Amino acid sequence: MDLDPPKDDPVEMGVDPHVSSQDSDNVSFESAVDEPLDLKEVYQDALEELSEEPNDQVSPPAGLTARAYQIEMFEASLKQNIIVAMDTGSGKTQVAVLRIARELEQSDKRIWFLVPTVALARQQHQVLQSQIPSVKALLICGHDGVDSWSEQAVWDAVLLNVRIVVSTYQILSDANAHGFVQLDSLSLIVIDEAHNCSGSHPISRMMTEVYLPAKRAGLPVPSILGLTASPLMSNNLNDIEKLEQVLDAVCRTPTKHREELLAHSNRPEMLVVPYGDPGGSGTEPAPTDLMIRFREAYHGLDISKDPEVLFLKAQRTERARQKLRQAVTKKDTAAQKEMKGVHNRAVLVCKEVGPWAADYYLSRAISQLLAEWERQSSDHFRYIGEALLSVPVPTVSQEPIQLSLKVQTLLQVLASHQEDPVGIVFVQERVMVSIVTHIISTHPLTKDRYRTAPMIGTAKVPGRKQHFKDMTNVADKKSLEGFRKGRFNLLVATNVLEEGIDVPSCNLVICFDEPSNIKSFIQRRGRARKGRSTLYLMVQDVSGEAATDWRDLERLMKEKYEDEMRQTAELELVEDPRLGGYPVLEVESTGARMTIRDVRSHLNHFCAKVSSRSRHLQNEPYFVIRKVDPDPASHEQRTLLKATVHLPASVAPDLRRHQSLWTWTSEKLAIMDASFQAYKALYDAGLVNDHLLPTKASDFLTDIGNDPGHIWVRTQLDPWPEVAHAWQEGSFLYSRRLTIQVPGVEAPLEFEFTLPVPVPYMAPLKLWWNTTSALEFITDPEMQEFCKEGVASAGPDHSYALLAMAFQHRFPLEGKQYPIRLVSNQRKLNVDGIAALEFDPQLYESLPQPPLVRLGDGTPFFVTKVLPSKPPAELILKPSKDHADLPENVPYVVYKPIGKAVGQFLPDSVQENDNWTPKDGKLYQKVLPSTRIRMDEFPAAFAQVGAVIPAFTRAVEMSLVAADLMYNRLACLELDNLPLVTTALTSIGSRAPTNYERLEFLGDTILKFCACLTASALFPTHHERLLSQWKDSLVNNVRLCRASVDFGLDEYIMHSVASKKWRPKFVEDYLDDTKSPESAETREMSSKMVADVVESLIGAAYMCGGMSKALECISLLLPTSKSSKFKWQEIGLSRDKLFELAPNDAIIPKPLEPLEKAMGYTFSKKSLLIEAMTHPSCPGLGDNDSCYERLEFLGDAILDVIVVKRLMAETGPNELAHNDMHEYLSSVVTADIMAFLAMEWVITQIDLNEIDPAKLDALDHVSFFKSEITRENLISNKEDWPFWRFMRHNSSHVASAQTVTQDRYLALRDDIRAAIWEKHELPWALLARMGPPKFYSDVVESLVGAVWVDSGSWEACEHVLNQMGLLPLLDHLLKTKAHVMHPNVELTILAPPNKRHTRTEFVIISNKRGVISCGTEFEDEVSAVDGGLVTVKEPYNDLPTEGEVFSCKLFVGGKQVADVAGAGTREEARVRAAEKGCLVIKAERKAMAERKAVDGAVADNGDNNAENGGKEEVSGQDADGDMVMN
């Protein structure tokens, strides 16, 4: 649609048409579009002329400009709904701009501007943005993903603060139908190209079904403004009234300012050009030899060998039988239609253009068909190609010859045109575009004058693609752009250029074929609006009335809508009258509605959303039509029909078939009826939501947004203020026996560990003294409770003395009470005993447990040796500076410091090692004369205990925090393992002895199982994809994080590391602390960590009380709202429901009997085994039969639980780290491994129907009767069947995939087994080469699910997995500590892809298709492909063709590290490249480490003293001499 006159022929606008065009007050319409001008005075003058009564005067909004006739239409639109009918180029859009601007001033509601095409939507959006820049105008197109906007919140967010929306018709229609955009929220709807709104057009439907009923009911509705060049789509004048009735508007055209309208709407001269021979016979040209041979090849196609027919024959389903019947009787196959289409187009071209053109077209079509055969190697093109090989293709001249009279006339018209041509040739058929373009470009009459380009456009049928038989040109955009910029001066086009595309004004338009209707005629004519332009109408017979017919029809049309007194009549339905009375599905809460006309496409959409994602299935619904005898009492004699719709097997059995409600006289209406009944049933079952769209997880669970990565949470709970107050105010004390084993001390130390609150029981705790030795703390399980008055009898508090032994030399210790009371049961400890004795070498060496020695400032040391006299300085590693001045003949001690980084939860390589050995002639580390030191009166072991009190205090604190949670907020769970709960709350970042990762791994698995089980039981009609979406939404980190914070778990998470500058804090300090409560403080934490604690607590609950206890924990931490359809329920109850849902009377098919026997398990309900082994493609699914998808969904979770339980059972030295557990789980339950096991599990089949070869001589085996075959003639034939063969299916695609996979398995089996059982590794590349489809693993999981539902027994499932070989494989991998990490995972660890210097890029290349996969994580970086290393040829269709092999190049940080070739599948190429890349990266890093070690050794030899100093600093020294607590 054009908005303004051509730039090279501007038309000046004046309010008075008689004013000279030179008048400076006149402004061109083009300027009005380009920049808004304030012409208030001009408007006022114009309006005074236009209106007879002052009260009727309406001024357009300030800032806009318009011509008088546009203001006339603007004024009319304010009085009633109108359809503005003005010629192309007259400025209809400006009327809309004026009306929109006025509406924005008077209403707060939104305005919606509707257009037919995306191109026109962009164009109109630009106009509105430039004309009305003060408000937000939004363009919505299909590529914005509007189909996925299935929630009201999304629409509300998109439309926030938007005043004008520009979109195609369908977007508003769908948004309104689903209740997202209500009509009462709009003040104005502008409908561009309004003539389209007829029949079942989406806006026509919206107006008749929603707008008009609402208006009749007195409800608010928006105003309507239509824009069109012609209100007719046909040549029937009555269609004007129908359009008016549909849009509730009256057609209007300017009447007061007609002259000005005509002055600004240039009409071309129309010339009727005959091309036929009035006296001729009218016979069509004879077919060429090539046409004859092609027709013979087409008619000679053997329908029985058609690939589509062969495929349908193999299906054995009702749907396939119906399609097969139609394919054979009507020759309705893709190949037949392909050949028929080419033949029919050749006949058309021969008739319209001539024999040469027919051969030109056919030669190109045949060449492209053969090229497709060679490129794709598909059965479809092979079938066609073999037929075409018999067609000899002659060499066809590129110069056009033997042209028809019609084409010759066209060439003469073009040659005779006098003006500098800028024009369009309109043709009817798409195939004619390229041919006519070629002729004009090469014919001597036209090739020098015309620069011609084709313009076909995309098909208007949704989903239809352009095809070579149309001779389409992929350069449509380039053609249009070139025409706009003048590179081309002639376009050959279909009716795509009639409307909706901005095309420069032309002075030449030729209708090669007559327009189909008045709308087409007017719009084609509107393209020729330059000055002195010509419209050529080519007709066969000049004596006809073509020209007068078109002009008369236009005149009558205008007379009709120029009657200003007409009003819109009531809309009358002309279609089947019963459609109007058919029920409508409406949802009051959202306003969404669905009629019988809408439902077919929605049902197809639903099936595409819910069906299995396997490429081996047909997911669309299919319909069975049956005839119904008419009622004898009725006068209706026509055949009546009913339809039954069959939905995919993924849909629940009781929702799978639906019948039309009424009988109909056409298949189409019967199918619409059945579709409606199906969709209504799906809505009633909850599979369609209140917006009448397929139900999503968000319909059950509120969407809580994306993962923020990090969040602010409450700081960790501090238990010590409560302890301090309890020391002061409490009445009772609590005590446990604490046994401490000190390294090197034979007898353990015993203490009474006392608190004024219950003393938490802690698991045995190791506090590392150095990298090799640790103090072990063991708390007694029994706790004593006593009144505070009796505590004096327990002895004094030794905590202060213990601290002083280790720390009083570093910072002053006041005589205050430490929150923890430790009292030795072996001896009294007090500060007076510190450095109380002079050092006596004999006494020291006689003591069984020697004490510490100290310098004068109290610094403690261990004595390692007593020397009788002063040793030479050269024997000392670190002699003191005054060594030469020290006394000679006194005993000396060799000593070492007590250490600064002692008492860590985990051994650390930076800790100092006690075992120093002499080297380089240095016999002693440090020495001191005995005269400078004193010694304690108690063993050094007590000082060692004092040195680790900070770490012990931290451990007690962690237990107190966990106890607060366990005995308060989690009290209802009655957990009985405090150390386990402590572990569940401790992150790996705290460097505590244990952390939550293993429990989180277990809890994640348990939560997944409980979610899958409960959802399966509560929603028996929900398909697997919906259940999976729901489960993923429930257990994702965002929701778990929110639940954790809501419950208050965030303040119990222990993540911080102990302070490196520890200072004791005493009871008095806590009591005097006036700071704000720490509960009000916050800390930043990973959202994943906050979520992980939920799962770790679930894991801890499971360890405490099994699955039932875990479910109690889940219900507590993840509560559901009262209004939610989902409620957590007991495991047994959910299992019972699933068991009850399974049919009772199923009889196990004979082929499945050996499987049940081999499993070692007998099903109570045989229907579960049948369901578990039934692929979605299996035919004959009855009303109670289901496919395996839901059982596979549940079985996947059950399998994870069984494997994780086995992994958690590895304890002691074999205990697995979290990462190792994850690798084993993800490896064993991967699809490739389960598929391999499904092929390895062989089950013996016994068949008695084979004749004994030894008895064949006694029988006439050429011809015999069944009566001659007796049991004596039969033998038992045993045949081994792999497990996968028991899967019931009916898909040739599945069968073909099984055959290919079996061949690969047999070729690779020995190598795979050798890798697993001999090399102790998982051969990922070989498994990828085998490339098994997903259904192999699906059926394994579904069988496990079926056994669990039938038995409720984990042991039964484990037994089946043992039979299958999965658990034995896991045990083997664990026992041999096999390498199981997948190369792709290992590569991401070695080279994180989200970092630029290690970002990875795989470039996979097919020997037949070129590059099929490539890319980089960073959009702004050049990939290997873009850098010119390889060239992308075309996209890959995911299915290897025969003889196709793959290679792969791996780039890390832009450097190629691997190049592999000869892979059988794309995934194998990727895996092999990842394997090789990992080896290369590890080798490079090893070499780098070796180089660094060599360089470091050189540096060490150069400066030994610097090295020693560095070691002391690393081992824990800091500038303040404070203890480092990591």
# chains A, B, ... in the order shown; residues from 1 in each chain; ligands from 1

$ residues_around --residues "region 928-934 of chain A" --least-positions-apart "6" --cutoff "7 Å" --atoms "only C-alpha atoms" --output "CSV table (one decimal) with C-alpha atoms, in the first residue's frame"
chain,number,residue,atom,x,y,z
A,835,ALA,CA,56.5,-21.2,82.1
A,837,LEU,CA,59.7,-24.0,85.7
A,838,GLU,CA,63.3,-23.3,84.7
A,839,PHE,CA,64.4,-25.6,81.9
A,853,VAL,CA,59.3,-24.5,76.5
A,854,ARG,CA,59.0,-20.8,76.2
A,855,LEU,CA,61.0,-17.7,75.6
A,856,GLY,CA,60.9,-14.8,78.0
A,890,VAL,CA,75.7,-24.8,78.4
A,891,PRO,CA,73.1,-27.2,77.1
A,892,TYR,CA,71.3,-26.2,73.9
A,893,VAL,CA,67.9,-27.2,72.7
A,894,VAL,CA,66.9,-27.8,69.1

$ select_by_dssp --residues "region 1052-1245 of chain A" --states "helix (DSSP H, G or I)" --output "count of residues only"
113

$ residues_around --residues "Arg1399 (chain A)" --least-positions-apart "6" --cutoff "6 Å" --atoms "only C-alpha atoms" --output "list in words"
Pro1393, Val1452 and Gly1453 of chain A

$ residues_around --residues "region 112-117 of chain A" --least-positions-apart "4" --cutoff "6 Å" --atoms "only C-alpha atoms" --output "PyMOL selection string"
chain A and resi 121+164-169+189-192

$ write_last_selection --atoms "C-alpha atoms" --output "CSV table (one decimal), in the first residue's frame"
chain,number,residue,atom,x,y,z
A,121,ALA,CA,3.0,-3.5,9.3
A,164,ILE,CA,-0.6,2.2,19.6
A,165,VAL,CA,-0.1,-1.4,18.5
A,166,VAL,CA,0.5,-2.3,14.8
A,167,SER,CA,0.1,-5.9,13.9
A,168,THR,CA,-1.2,-8.3,11.3
A,169,TYR,CA,-4.9,-9.3,11.5
A,189,ILE,CA,-9.3,-0.4,15.7
A,190,VAL,CA,-7.9,0.7,12.3
A,191,ILE,CA,-8.2,-1.9,9.6
A,192,ASP,CA,-6.0,-1.3,6.6

$ atom_distance --atom1 "CA of Phe623 (chain A)" --atom2 "CA of Ser304 (chain A)"
24.4 Å

$ atom_distance --atom1 "CA of Lys79 (chain A)" --atom2 "CA of Pro254 (chain A)"
14.8 Å

$ residues_around --residues "Thr1299 (chain A)" --least-positions-apart "2" --cutoff "12 Å" --atoms "only C-alpha atoms" --output "count of residues only"
18

$ atom_distance --atom1 "CA of Ala963 (chain A)" --atom2 "CA of Asp1092 (chain A)"
19.1 Å

$ residues_around --residues "Cys607 (chain A)" --least-positions-apart "6" --cutoff "7 Å" --atoms "only C-alpha atoms" --output "VMD selection string"
chain A and resid 619 to 621 648

$ residues_around --residues "Met1364 (chain A)" --least-positions-apart "6" --cutoff "9 Å" --atoms "only C-alpha atoms" --output "list of chain:residue names"
A:Met1159, A:Leu1237, A:Ala1238, A:Glu1240, A:Trp1241, A:Val1242, A:Phe1283, A:Val1340

$ select_by_dssp --residues "region 1006-1244 of chain A" --states "strand (DSSP E or B)" --output "PyMOL selection string"
chain A and resi 1054+1082-1086+1174+1242-1244

$ closest_residue --among "A:Lys1125, A:Gln925, A:Asp1004, A:Leu875" --to "Leu1018 (chain A)" --atoms "only C-alpha atoms"
A:Lys1125
